[in-house]
file work-v2.csv (CSV, C-alpha atoms and all ligand atoms)
chain,number,residue,atom,x,y,z
A,1,MET,CA,-18.2,-6.1,20.5
A,2,SER,CA,-21.5,-5.0,19.0
A,3,ILE,CA,-21.6,-5.2,15.2
A,4,GLU,CA,-24.7,-4.5,13.2
A,5,PRO,CA,-23.6,-4.2,9.6
A,6,ALA,CA,-25.9,-3.5,6.8
A,7,LEU,CA,-24.8,-6.6,4.9
A,8,HIS,CA,-24.8,-6.6,1.2
A,9,PRO,CA,-28.0,-8.5,0.1
A,10,ASP,CA,-26.0,-11.2,-1.8
A,11,LEU,CA,-24.1,-12.0,1.4
A,12,ARG,CA,-27.3,-12.1,3.5
A,13,SER,CA,-28.6,-14.9,1.5
A,14,GLU,CA,-25.2,-16.6,1.3
A,15,ALA,CA,-24.8,-16.3,5.1
A,16,GLY,CA,-28.3,-17.8,5.7
A,17,PRO,CA,-30.6,-16.8,8.6
A,18,LEU,CA,-28.5,-14.8,11.1
A,19,SER,CA,-28.6,-16.1,14.6
A,20,SER,CA,-26.9,-12.9,15.8
A,21,PRO,CA,-25.2,-9.9,14.1
A,22,ALA,CA,-21.7,-11.1,15.0
A,23,ALA,CA,-22.5,-14.7,13.7
A,24,GLY,CA,-23.9,-13.2,10.5
A,25,LEU,CA,-20.8,-11.1,10.1
A,26,ALA,CA,-18.5,-14.0,10.6
A,27,ALA,CA,-20.5,-16.1,8.1
A,28,ALA,CA,-20.4,-13.2,5.5
A,29,LEU,CA,-16.7,-12.8,6.0
A,30,ALA,CA,-16.2,-16.6,5.7
A,31,ALA,CA,-18.1,-16.6,2.4
A,32,ALA,CA,-16.1,-13.7,1.1
A,33,LEU,CA,-12.7,-15.1,2.3
A,34,ALA,CA,-13.0,-18.7,1.2
A,35,PRO,CA,-15.5,-19.2,-1.6
A,36,VAL,CA,-13.6,-22.4,-2.6
A,37,PRO,CA,-13.6,-24.7,0.5
A,38,GLY,CA,-10.7,-27.1,0.8
A,39,ARG,CA,-8.4,-25.1,-1.4
A,40,ALA,CA,-4.7,-25.8,-0.5
A,41,LEU,CA,-3.6,-22.1,-0.2
A,42,SER,CA,-5.6,-18.9,0.0
A,43,ALA,CA,-5.0,-15.3,0.7
A,44,ALA,CA,-7.1,-12.1,0.5
A,45,LEU,CA,-7.0,-8.4,0.3
A,46,ILE,CA,-8.9,-6.4,2.9
A,47,GLY,CA,-9.8,-2.7,2.6
A,48,ARG,CA,-12.3,-0.2,1.3
A,49,GLY,CA,-13.0,0.8,-2.3
A,50,ILE,CA,-10.7,-2.0,-3.7
A,51,GLY,CA,-13.0,-3.4,-6.4
A,52,GLU,CA,-10.6,-2.3,-9.2
A,53,SER,CA,-7.5,-3.5,-7.5
A,54,ARG,CA,-5.1,-5.5,-9.8
A,55,THR,CA,-3.5,-7.3,-6.8
A,56,PRO,CA,-5.9,-10.3,-7.0
A,57,ARG,CA,-5.2,-10.9,-10.7
A,58,MET,CA,-1.4,-10.8,-10.1
A,59,HIS,CA,-1.6,-13.3,-7.3
A,60,ARG,CA,-4.0,-15.7,-9.0
A,61,ALA,CA,-2.3,-15.7,-12.4
A,62,GLU,CA,1.2,-16.2,-10.9
A,63,GLY,CA,-0.2,-19.0,-8.6
A,64,ALA,CA,-1.7,-20.7,-11.7
A,65,ARG,CA,1.5,-20.3,-13.7
A,66,LEU,CA,3.5,-22.0,-10.9
A,67,GLY,CA,0.9,-24.8,-10.7
A,68,LEU,CA,-0.3,-23.9,-7.2
A,69,ASP,CA,-3.8,-24.5,-5.9
A,70,TYR,CA,-3.8,-20.9,-4.7
A,71,GLY,CA,-6.8,-18.6,-4.4
A,72,TYR,CA,-6.8,-14.9,-3.7
A,73,GLU,CA,-10.0,-13.1,-2.7
A,74,LEU,CA,-11.2,-9.5,-2.3
A,75,VAL,CA,-12.9,-8.5,0.9
A,76,ASP,CA,-14.1,-5.0,0.2
A,77,PHE,CA,-15.6,-3.5,3.4
A,78,ASP,CA,-17.5,-0.9,1.3
A,79,ARG,CA,-19.1,-3.5,-1.0
A,80,LEU,CA,-20.0,-5.8,1.9
A,81,GLY,CA,-21.4,-2.9,4.0
A,82,LEU,CA,-19.1,-3.6,6.9
A,83,PRO,CA,-18.1,-1.1,9.6
A,84,ASP,CA,-14.5,-0.6,10.5
A,85,THR,CA,-15.2,-2.4,13.8
A,86,ALA,CA,-15.5,-5.6,11.8
A,87,LEU,CA,-11.7,-5.6,11.2
A,88,PRO,CA,-10.9,-7.9,14.2
A,89,VAL,CA,-13.5,-10.4,13.1
A,90,ALA,CA,-12.2,-10.4,9.6
A,91,VAL,CA,-8.6,-11.1,10.7
A,92,ALA,CA,-9.8,-13.8,13.2
A,93,GLU,CA,-11.9,-15.4,10.4
A,94,ALA,CA,-9.0,-15.4,8.0
A,95,ARG,CA,-6.9,-17.1,10.6
A,96,ARG,CA,-9.6,-19.6,11.6
A,97,LEU,CA,-10.2,-20.5,7.9
A,98,GLY,CA,-6.5,-21.3,7.5
A,99,LEU,CA,-5.6,-18.5,5.0
A,100,ALA,CA,-1.9,-18.2,4.4
A,101,GLY,CA,-2.2,-14.5,4.9
A,102,LEU,CA,-3.9,-11.2,4.2
A,103,ASN,CA,-3.0,-8.0,2.3
A,104,VAL,CA,-4.3,-5.0,4.1
A,105,THR,CA,-5.0,-1.6,2.5
A,106,HIS,CA,-6.7,1.7,3.2
A,107,PRO,CA,-7.9,2.4,5.9
A,108,PHE,CA,-6.6,-0.5,7.9
A,109,LYS,CA,-2.8,-0.5,7.7
A,110,GLN,CA,-2.4,0.9,11.2
A,111,ALA,CA,-5.6,-0.3,12.8
A,112,VAL,CA,-4.5,-3.9,12.1
A,113,ILE,CA,-1.3,-3.7,14.2
A,114,PRO,CA,-2.8,-4.4,17.6
A,115,LEU,CA,-4.5,-7.5,16.3
A,116,LEU,CA,-1.1,-9.2,15.4
A,117,ASP,CA,1.3,-11.4,17.5
A,118,ALA,CA,4.4,-9.9,15.9
A,119,VAL,CA,5.5,-7.1,13.6
A,120,ALA,CA,8.5,-7.5,11.4
A,121,PRO,CA,11.2,-4.8,11.7
A,122,ASP,CA,10.3,-3.1,8.4
A,123,ALA,CA,6.7,-2.6,9.4
A,124,ALA,CA,7.6,-1.6,12.9
A,125,ALA,CA,9.9,1.1,11.7
A,126,ILE,CA,7.2,2.4,9.3
A,127,GLY,CA,4.3,2.0,11.8
A,128,ALA,CA,2.1,0.4,9.1
A,129,VAL,CA,1.3,-3.2,7.9
A,130,ASN,CA,0.1,-4.1,4.5
A,131,THR,CA,0.8,-7.9,4.7
A,132,ILE,CA,-0.1,-10.4,7.4
A,133,VAL,CA,1.3,-13.9,7.4
A,134,PHE,CA,-0.4,-16.6,9.4
A,135,ALA,CA,2.2,-19.3,10.2
A,136,ASP,CA,3.0,-21.5,13.2
A,137,GLY,CA,-0.1,-20.2,15.0
A,138,ARG,CA,1.1,-16.6,14.8
A,139,ALA,CA,0.0,-13.6,12.8
A,140,THR,CA,3.0,-11.5,11.8
A,141,GLY,CA,2.8,-8.1,10.1
A,142,HIS,CA,5.1,-7.0,7.3
A,143,ASN,CA,5.3,-4.0,5.0
A,144,THR,CA,5.9,-4.9,1.4
A,145,ASP,CA,5.0,-1.4,0.1
A,146,CYS,CA,8.4,-0.3,1.4
A,147,TRP,CA,10.4,-3.0,-0.5
A,148,GLY,CA,8.1,-2.5,-3.4
A,149,PHE,CA,9.0,1.1,-3.9
A,150,ALA,CA,12.7,0.5,-3.3
A,151,GLU,CA,12.8,-2.4,-5.8
A,152,SER,CA,11.0,-0.4,-8.4
A,153,PHE,CA,13.4,2.5,-7.9
A,154,ARG,CA,16.5,0.3,-8.0
A,155,ARG,CA,15.3,-1.3,-11.3
A,156,SER,CA,14.4,1.9,-13.1
A,157,MET,CA,16.3,4.8,-11.6
A,158,ALA,CA,19.9,3.6,-11.3
A,159,GLY,CA,22.3,6.5,-10.9
A,160,ALA,CA,19.6,9.0,-9.9
A,161,PRO,CA,21.1,11.5,-7.3
A,162,LEU,CA,20.1,10.8,-3.7
A,163,GLY,CA,21.4,13.9,-1.9
A,164,ARG,CA,18.1,15.7,-1.1
A,165,VAL,CA,14.7,14.3,-1.8
A,166,VAL,CA,11.3,15.8,-1.1
A,167,LEU,CA,8.4,13.5,-0.1
A,168,VAL,CA,5.0,15.0,-0.5
A,169,GLY,CA,2.3,13.1,1.5
A,170,ALA,CA,2.8,11.6,4.9
A,171,GLY,CA,0.0,9.0,5.0
A,172,GLY,CA,0.3,5.2,4.9
A,173,GLY,CA,2.0,5.1,1.5
A,174,GLY,CA,4.3,8.0,2.3
A,175,MET,CA,5.5,6.4,5.5
A,176,ALA,CA,6.6,3.3,3.6
A,177,VAL,CA,8.1,5.3,0.8
A,178,GLY,CA,10.0,7.5,3.3
A,179,ARG,CA,11.6,4.4,4.9
A,180,ALA,CA,12.4,3.0,1.4
A,181,LEU,CA,14.1,6.3,0.4
A,182,LEU,CA,16.3,6.0,3.5
A,183,ASP,CA,17.1,2.4,2.7
A,184,LEU,CA,18.1,3.5,-0.8
A,185,GLY,CA,20.6,5.9,0.7
A,186,VAL,CA,18.9,9.3,0.5
A,187,GLU,CA,21.0,11.7,2.6
A,188,GLN,CA,18.4,14.4,3.4
A,189,LEU,CA,14.7,13.7,3.2
A,190,ALA,CA,12.2,16.6,3.6
A,191,ILE,CA,8.6,15.6,4.2
A,192,PHE,CA,5.7,17.9,3.3
A,193,ASP,CA,2.0,17.3,4.0
A,194,VAL,CA,-0.9,19.8,4.0
A,195,ASP,CA,-1.4,18.4,7.5
A,196,ALA,CA,1.8,19.8,9.1
A,197,GLY,CA,1.2,17.6,12.2
A,198,ARG,CA,1.4,14.4,10.0
A,199,ALA,CA,4.6,15.6,8.3
A,200,ALA,CA,6.2,16.3,11.7
A,201,ALA,CA,5.1,12.9,13.2
A,202,VAL,CA,6.4,10.9,10.2
A,203,ALA,CA,9.6,12.9,10.2
A,204,GLU,CA,10.1,12.1,13.9
A,205,ARG,CA,9.4,8.4,13.4
A,206,LEU,CA,11.6,8.0,10.3
A,207,GLY,CA,14.3,10.1,12.0
A,208,ARG,CA,14.9,7.4,14.6
A,209,GLY,CA,17.8,4.9,14.3
A,210,ASP,CA,19.7,5.1,11.0
A,211,GLY,CA,17.4,8.0,10.0
A,212,ALA,CA,18.8,10.3,12.7
A,213,GLY,CA,19.9,13.7,11.3
A,214,ARG,CA,18.5,12.7,7.8
A,215,VAL,CA,14.8,13.6,8.0
A,216,THR,CA,13.0,16.9,8.4
A,217,ALA,CA,9.4,18.2,8.0
A,218,ALA,CA,9.2,20.9,5.3
A,219,ALA,CA,7.0,24.0,5.8
A,220,ASP,CA,7.3,25.3,2.2
A,221,VAL,CA,7.3,22.6,-0.5
A,222,ALA,CA,8.5,25.0,-3.3
A,223,GLU,CA,11.4,26.2,-1.2
A,224,ALA,CA,12.4,22.6,-0.3
A,225,LEU,CA,12.2,21.6,-4.0
A,226,GLY,CA,14.5,24.4,-5.0
A,227,ARG,CA,17.4,22.5,-3.3
A,228,ALA,CA,16.3,19.0,-4.1
A,229,ASP,CA,17.5,16.2,-6.5
A,230,GLY,CA,14.2,14.3,-6.4
A,231,LEU,CA,10.5,14.5,-5.6
A,232,VAL,CA,8.1,11.7,-4.7
A,233,ASN,CA,4.4,12.1,-4.7
A,234,SER,CA,2.6,10.0,-2.0
A,235,THR,CA,-0.6,12.1,-1.9
A,236,PRO,CA,-3.7,10.9,-3.8
A,237,MET,CA,-3.4,14.0,-6.1
A,238,GLY,CA,-3.5,12.9,-9.7
A,239,MET,CA,-6.2,10.3,-9.2
A,240,ALA,CA,-9.5,11.0,-11.0
A,241,LYS,CA,-11.1,12.0,-7.7
A,242,TYR,CA,-8.2,14.4,-6.9
A,243,PRO,CA,-7.2,16.1,-10.2
A,244,GLY,CA,-4.2,18.4,-10.4
A,245,LEU,CA,-0.6,18.5,-9.2
A,246,PRO,CA,0.6,18.0,-5.6
A,247,VAL,CA,3.3,20.7,-6.1
A,248,PRO,CA,3.4,23.9,-8.2
A,249,ALA,CA,4.4,23.1,-11.8
A,250,THR,CA,6.8,26.0,-11.6
A,251,ALA,CA,8.8,24.2,-8.9
A,252,LEU,CA,9.8,21.4,-11.4
A,253,ARG,CA,13.1,21.6,-13.2
A,254,ALA,CA,14.7,19.3,-15.8
A,255,ASP,CA,17.4,18.2,-13.4
A,256,LEU,CA,14.9,17.0,-10.8
A,257,TRP,CA,13.8,13.4,-10.9
A,258,VAL,CA,10.1,12.8,-10.1
A,259,ALA,CA,8.4,9.6,-8.8
A,260,ASP,CA,4.7,9.1,-8.3
A,261,ILE,CA,3.1,6.3,-6.3
A,262,VAL,CA,-0.4,6.9,-7.7
A,263,TYR,CA,-0.9,4.3,-10.4
A,264,PHE,CA,-4.5,5.0,-11.5
A,265,PRO,CA,-4.1,6.7,-13.9
A,266,ALA,CA,-0.7,5.3,-15.0
A,267,GLU,CA,0.4,8.7,-16.2
A,268,THR,CA,-0.6,11.3,-13.6
A,269,ALA,CA,-0.7,15.0,-14.3
A,270,LEU,CA,2.5,15.3,-12.2
A,271,LEU,CA,4.3,12.7,-14.4
A,272,ALA,CA,3.1,14.3,-17.6
A,273,THR,CA,4.2,17.8,-16.5
A,274,ALA,CA,7.5,16.4,-15.2
A,275,ARG,CA,8.2,14.6,-18.6
A,276,ALA,CA,7.3,17.8,-20.5
A,277,THR,CA,9.8,19.6,-18.3
A,278,GLY,CA,12.5,17.1,-19.1
A,279,CYS,CA,12.6,15.3,-15.8
A,280,ARG,CA,13.5,11.6,-15.4
A,281,VAL,CA,10.3,10.0,-14.0
A,282,LEU,CA,9.2,6.8,-12.1
A,283,PRO,CA,5.5,5.8,-12.4
A,284,GLY,CA,3.7,4.2,-9.4
A,285,LYS,CA,3.0,0.9,-11.3
A,286,GLY,CA,6.3,-0.6,-10.3
A,287,MET,CA,5.6,-0.2,-6.6
A,288,ALA,CA,2.2,-1.8,-7.0
A,289,ILE,CA,3.8,-4.8,-8.8
A,290,PHE,CA,6.7,-5.3,-6.4
A,291,GLN,CA,4.6,-5.0,-3.2
A,292,ALA,CA,2.7,-8.0,-4.7
A,293,VAL,CA,5.9,-9.8,-5.7
A,294,LYS,CA,7.1,-9.8,-2.0
A,295,ALA,CA,3.6,-10.6,-0.6
A,296,PHE,CA,3.3,-13.6,-2.9
A,297,ALA,CA,6.6,-15.0,-1.7
A,298,LEU,CA,5.6,-14.5,1.9
A,299,PHE,CA,2.2,-16.2,1.4
A,300,THR,CA,3.3,-19.1,-0.8
A,301,GLY,CA,7.0,-19.7,0.0
A,302,ARG,CA,7.6,-19.6,-3.7
A,303,THR,CA,9.6,-16.9,-5.6
A,304,PRO,CA,7.4,-15.3,-8.2
A,305,ASP,CA,8.7,-14.1,-11.6
A,306,ALA,CA,8.6,-10.3,-11.5
A,307,GLU,CA,8.4,-10.1,-15.3
A,308,GLU,CA,5.4,-12.4,-15.3
A,309,MET,CA,3.8,-10.5,-12.4
A,310,THR,CA,4.2,-7.3,-14.5
A,311,ARG,CA,2.5,-9.0,-17.4
A,312,HIS,CA,-0.4,-10.1,-15.0
A,313,PHE,CA,-0.8,-6.6,-13.8
A,314,GLY,CA,-1.8,-5.7,-17.4
A,315,ALA,CA,-1.9,-2.7,-19.5
A,316,PRO,CA,-2.4,0.7,-17.8
A,401,LIG,P1,-3.4,8.6,2.9
A,401,LIG,O1,-4.8,9.2,2.8
A,401,LIG,O2,-3.0,7.7,4.0
A,401,LIG,O3,-2.3,9.8,2.9
A,401,LIG,C1,-2.3,10.8,1.9
A,401,LIG,C2,-1.6,12.0,2.6
A,401,LIG,O4,-1.5,13.0,1.6
A,401,LIG,C3,-2.4,12.6,3.7
A,401,LIG,O5,-1.5,12.8,4.9
A,401,LIG,C4,-2.8,14.0,3.2
A,401,LIG,O6,-2.9,15.0,4.2
A,401,LIG,C5,-1.8,14.3,2.2
A,401,LIG,N1,-2.1,15.2,1.1
A,401,LIG,C6,-3.3,15.2,0.4
A,401,LIG,N2,-3.2,16.2,-0.6
A,401,LIG,C7,-2.0,16.8,-0.4
A,401,LIG,C8,-1.4,17.9,-1.1
A,401,LIG,N3,-2.0,18.5,-2.1
A,401,LIG,N4,-0.2,18.3,-0.6
A,401,LIG,C9,0.4,17.7,0.4
A,401,LIG,N5,-0.1,16.6,1.1
A,401,LIG,C10,-1.4,16.2,0.7
A,401,LIG,O7,-3.2,7.8,1.5
A,401,LIG,P2,-2.2,6.7,1.2
A,401,LIG,O8,-2.7,5.4,1.6
A,401,LIG,O9,-0.8,7.1,1.6
A,401,LIG,O10,-2.2,6.7,-0.4
A,401,LIG,C11,-1.8,7.9,-1.2
A,401,LIG,C12,-1.8,7.5,-2.7
A,401,LIG,O11,-0.8,6.6,-2.9
A,401,LIG,C13,-3.1,6.9,-3.1
A,401,LIG,O12,-3.4,7.4,-4.4
A,401,LIG,C14,-2.8,5.4,-3.2
A,401,LIG,O13,-3.5,4.7,-4.2
A,401,LIG,C15,-1.3,5.5,-3.6
A,401,LIG,N6,-0.6,4.3,-3.2
A,401,LIG,C16,0.0,3.6,-4.2
A,401,LIG,C17,0.8,2.4,-3.8
A,401,LIG,C18,1.5,1.7,-4.9
A,401,LIG,O14,1.7,0.5,-4.7
A,401,LIG,N7,1.8,2.3,-6.0
A,401,LIG,C19,0.8,2.0,-2.5
A,401,LIG,C20,0.2,2.8,-1.5
A,401,LIG,C21,-0.5,3.9,-1.9
call {"tool": "encode", "arguments": {"input": "work-v2.csv", "output": "structure tokens"}}
result
Amino acid sequence: MSIEPALHPDLRSEAGPLSSPAAGLAAALAAALAPVPGRALSAALIGRGIGESRTPRMHRAEGARLGLDYGYELVDFDRLGLPDTALPVAVAEARRLGLAGLNVTHPFKQAVIPLLDAVAPDAAAIGAVNTIVFADGRATGHNTDCWGFAESFRRSMAGAPLGRVVLVGAGGGGMAVGRALLDLGVEQLAIFDVDAGRAAAVAERLGRGDGAGRVTAAADVAEALGRADGLVNSTPMGMAKYPGLPVPATALRADLWVADIVYFPAETALLATARATGCRVLPGKGMAIFQAVKAFALFTGRTPDAEEMTRHFGAP
């Protein structure tokens, strides 16, 4: 593998004189992954544009609260100036350094799968991994986004009708949410994406096994919403970079529940419009917290306190 990253200047000096690009990359990743040598338990989040992520603070604070010698680092490929081709080195370094595991986010949730020894059934069904556990010499992939959405829904949306649900956005998050909706008991799931091929591919994957006969790709989102009980947004629409609604405001009705998985900002334009329409709503913060709750348990073997993790997540 030939890797010639434009390493962040801070890391160049931390890594020392580079004997080769690959050695320099490994050294830079080692510095980013394990700034406290000898720590009993470490984990990290790997992805791009993750500088503002609240996941490290949730893990660190809960580890400290439980009295664990537990560190959680951020390996932002954008900040480090690393190419996507450095992903295998990053996973290998994390393993070599003895990390308990990695959280994996955009754009690596699918690319990481061929680097693993095993994939848990939830992640295999979804086709995406957001958590890797290193144990007994094996790297096993999990998907805690799926359980995270389902748990958030169970806690805040008890009694919400689950006959027909429209899922908008068939990317990494959408695939996990689609599987979660089936686990929650949704009878008919219609998936819409501006990229019709993606919607069709995810509908095909989720329609296997217990999803058979329950999942379709929708060609017209307004038409699908006309017959729906619930709507979930899994597109980036609503984030500062992508302002606006993912569906026409006129398609919202008071008897439709509306969930968003975007959590920056906490109150998206979709949630605000849905609230004003009289809809029951579920913000994305809960999924972000509960994916971390499950990952923390996988990394540390300890059961975190969900209320405390919510407090660590902080104000919106
Ligand atoms: P992604 O890029 O993998 O997928 C987004 C999908 O949305 C793409 O398939 C794209 O074609 C589609 N899309 C974009 N605009 C659309 C529109 N107007 N109508 C229909 N489809 C549209 O992104 P992702 O990783 O799935 O993340 C999506 C959002 O979910 C991001 O804002 C991310 O931060 C958020 N997210 C939140 C959590 C959480 O824990 N709350 C977890 C994962 C992702």
call {"tool": "closest_residue", "arguments": {"input": "work-v2.csv", "among": "A:Leu82, A:Ala160, A:Ala259, A:Ala100", "to": "A:Ala297", "atoms": "only C-alpha atoms"}}
result
A:Ala100
call {"tool": "atom_distance", "arguments": {"input": "work-v2.csv", "atom1": "atom CA of A:Thr140", "atom2": "atom CA of A:Ala118"}}
result
4.6 Å
call {"tool": "closest_residue", "arguments": {"input": "work-v2.csv", "among": "A:Ser53, A:Lys109, A:Pro121, A:His312", "to": "A:Phe264", "atoms": "all atoms listed in the file"}}
result
A:Ser53
call {"tool": "atom_distance", "arguments": {"input": "work-v2.csv", "atom1": "atom CA of A:Leu102", "atom2": "atom CA of A:His142"}}
result
10.4 Å
call {"tool": "closest_atom_pairs", "arguments": {"input": "work-v2.csv", "of": "chain A", "to": "ligand LIG 401 (chain A)", "cutoff": "7 Å", "atoms": "only C-alpha atoms and all ligand atoms", "output": "JSON lines"}}
result
{"residue": "A:His106", "atom": "CA", "partner": "A:LIG401", "partner_atom": "O8", "distance": 5.7}
{"residue": "A:Asp145", "atom": "CA", "partner": "A:LIG401", "partner_atom": "C19", "distance": 6.0}
{"residue": "A:Val168", "atom": "CA", "partner": "A:LIG401", "partner_atom": "C9", "distance": 5.4}
{"residue": "A:Gly169", "atom": "CA", "partner": "A:LIG401", "partner_atom": "O4", "distance": 3.8}
{"residue": "A:Ala170", "atom": "CA", "partner": "A:LIG401", "partner_atom": "O5", "distance": 4.5}
{"residue": "A:Gly171", "atom": "CA", "partner": "A:LIG401", "partner_atom": "O3", "distance": 3.2}
{"residue": "A:Gly172", "atom": "CA", "partner": "A:LIG401", "partner_atom": "O9", "distance": 4.0}
{"residue": "A:Gly173", "atom": "CA", "partner": "A:LIG401", "partner_atom": "O9", "distance": 3.4}
{"residue": "A:Gly174", "atom": "CA", "partner": "A:LIG401", "partner_atom": "O9", "distance": 5.2}
{"residue": "A:Phe192", "atom": "CA", "partner": "A:LIG401", "partner_atom": "C9", "distance": 6.0}
{"residue": "A:Asp193", "atom": "CA", "partner": "A:LIG401", "partner_atom": "N5", "distance": 3.6}
{"residue": "A:Val194", "atom": "CA", "partner": "A:LIG401", "partner_atom": "C9", "distance": 4.4}
{"residue": "A:Asp195", "atom": "CA", "partner": "A:LIG401", "partner_atom": "O6", "distance": 5.0}
{"residue": "A:Arg198", "atom": "CA", "partner": "A:LIG401", "partner_atom": "O5", "distance": 6.1}
{"residue": "A:Ser234", "atom": "CA", "partner": "A:LIG401", "partner_atom": "O11", "distance": 4.9}
{"residue": "A:Thr235", "atom": "CA", "partner": "A:LIG401", "partner_atom": "O4", "distance": 3.7}
{"residue": "A:Pro236", "atom": "CA", "partner": "A:LIG401", "partner_atom": "O12", "distance": 3.6}
{"residue": "A:Met237", "atom": "CA", "partner": "A:LIG401", "partner_atom": "N2", "distance": 5.9}
{"residue": "A:Met239", "atom": "CA", "partner": "A:LIG401", "partner_atom": "O12", "distance": 6.3}
{"residue": "A:Pro246", "atom": "CA", "partner": "A:LIG401", "partner_atom": "N3", "distance": 4.4}
{"residue": "A:Val247", "atom": "CA", "partner": "A:LIG401", "partner_atom": "N4", "distance": 6.9}
{"residue": "A:Ile261", "atom": "CA", "partner": "A:LIG401", "partner_atom": "N7", "distance": 4.2}
{"residue": "A:Val262", "atom": "CA", "partner": "A:LIG401", "partner_atom": "C15", "distance": 4.4}
{"residue": "A:Tyr263", "atom": "CA", "partner": "A:LIG401", "partner_atom": "N7", "distance": 5.5}
{"residue": "A:Gly284", "atom": "CA", "partner": "A:LIG401", "partner_atom": "N7", "distance": 4.3}
{"residue": "A:Lys285", "atom": "CA", "partner": "A:LIG401", "partner_atom": "N7", "distance": 5.6}
{"residue": "A:Gly286", "atom": "CA", "partner": "A:LIG401", "partner_atom": "N7", "distance": 6.9}
{"residue": "A:Met287", "atom": "CA", "partner": "A:LIG401", "partner_atom": "O14", "distance": 4.4}
{"residue": "A:Ala288", "atom": "CA", "partner": "A:LIG401", "partner_atom": "O14", "distance": 3.3}
{"residue": "A:Gln291", "atom": "CA", "partner": "A:LIG401", "partner_atom": "O14", "distance": 6.4}
call {"tool": "atom_distance", "arguments": {"input": "work-v2.csv", "atom1": "atom CA of A:Leu162", "atom2": "atom CA of A:Asp229"}}
result
6.6 Å
call {"tool": "residues_near_point", "arguments": {"input": "work-v2.csv", "point": "(-11.8, -5.1, 2.1)", "cutoff": "8 Å", "atoms": "only C-alpha atoms", "output": "ChimeraX atom specification"}}
result
/A:45-50,74-78,104-105
call {"tool": "write_last_selection", "arguments": {"input": "work-v2.csv", "atoms": "C-alpha atoms", "output": "short mmCIF file (atom, residue, chain, number, x, y, z; two decimals), in the coordinates of the input"}}
result
data_model
loop_
_atom_site.label_atom_id
_atom_site.label_comp_id
_atom_site.auth_asym_id
_atom_site.auth_seq_id
_atom_site.Cartn_x
_atom_site.Cartn_y
_atom_site.Cartn_z
CA LEU A 45 -7.00 -8.40 0.30
CA ILE A 46 -8.90 -6.40 2.90
CA GLY A 47 -9.80 -2.70 2.60
CA ARG A 48 -12.30 -0.20 1.30
CA GLY A 49 -13.00 0.80 -2.30
CA ILE A 50 -10.70 -2.00 -3.70
CA LEU A 74 -11.20 -9.50 -2.30
CA VAL A 75 -12.90 -8.50 0.90
CA ASP A 76 -14.10 -5.00 0.20
CA PHE A 77 -15.60 -3.50 3.40
CA ASP A 78 -17.50 -0.90 1.30
CA VAL A 104 -4.30 -5.00 4.10
CA THR A 105 -5.00 -1.60 2.50
#
call {"tool": "closest_residue", "arguments": {"input": "work-v2.csv", "among": "A:Ala43, A:Ala228, A:Leu282, A:Ala219", "to": "A:Glu187", "atoms": "only C-alpha atoms"}}
result
A:Ala228
call {"tool": "closest_residue", "arguments": {"input": "work-v2.csv", "among": "A:Ser42, A:Leu256, A:Asp136, A:Ala176", "to": "A:Tyr70", "atoms": "all atoms listed in the file"}}
result
A:Ser42
call {"tool": "closest_residue", "arguments": {"input": "work-v2.csv", "among": "A:Gly238, A:Ala31, A:Ala44, A:Arg275", "to": "A:Leu80", "atoms": "all atoms listed in the file"}}
result
A:Ala31
call {"tool": "residues_around", "arguments": {"input": "work-v2.csv", "residues": "A:Gly211", "least_positions_apart": "3", "cutoff": "12 Å", "atoms": "all atoms listed in the file", "output": "VMD selection string"}}
result
chain A and resid 125 to 126 178 to 190 202 to 208 214 to 216
call {"tool": "residues_near_point", "arguments": {"input": "work-v2.csv", "point": "(-1.4, -19.7, 8.8)", "cutoff": "9 Å", "atoms": "all atoms listed in the file", "output": "PyMOL selection string"}}
result
chain A and resi 94-101+133-139+299
call {"tool": "closest_residue", "arguments": {"input": "work-v2.csv", "among": "A:Thr250, A:Val129, A:Gly71, A:Thr273", "to": "A:Arg57", "atoms": "all atoms listed in the file"}}
result
A:Gly71
call {"tool": "residues_around", "arguments": {"input": "work-v2.csv", "residues": "A:Arg311", "least_positions_apart": "2", "cutoff": "10 Å", "atoms": "all atoms listed in the file", "output": "list in words"}}
result
Met58, Ala61, Glu62, Ile289, Asp305, Ala306, Glu307, Glu308, Met309, Phe313, Gly314 and Ala315 of chain A
call {"tool": "residues_around", "arguments": {"input": "work-v2.csv", "residues": "A:Arg227", "least_positions_apart": "4", "cutoff": "10 Å", "atoms": "only C-alpha atoms", "output": "JSON, numbers by chain"}}
result
{"A": [163, 164, 165, 166, 222, 223, 256]}
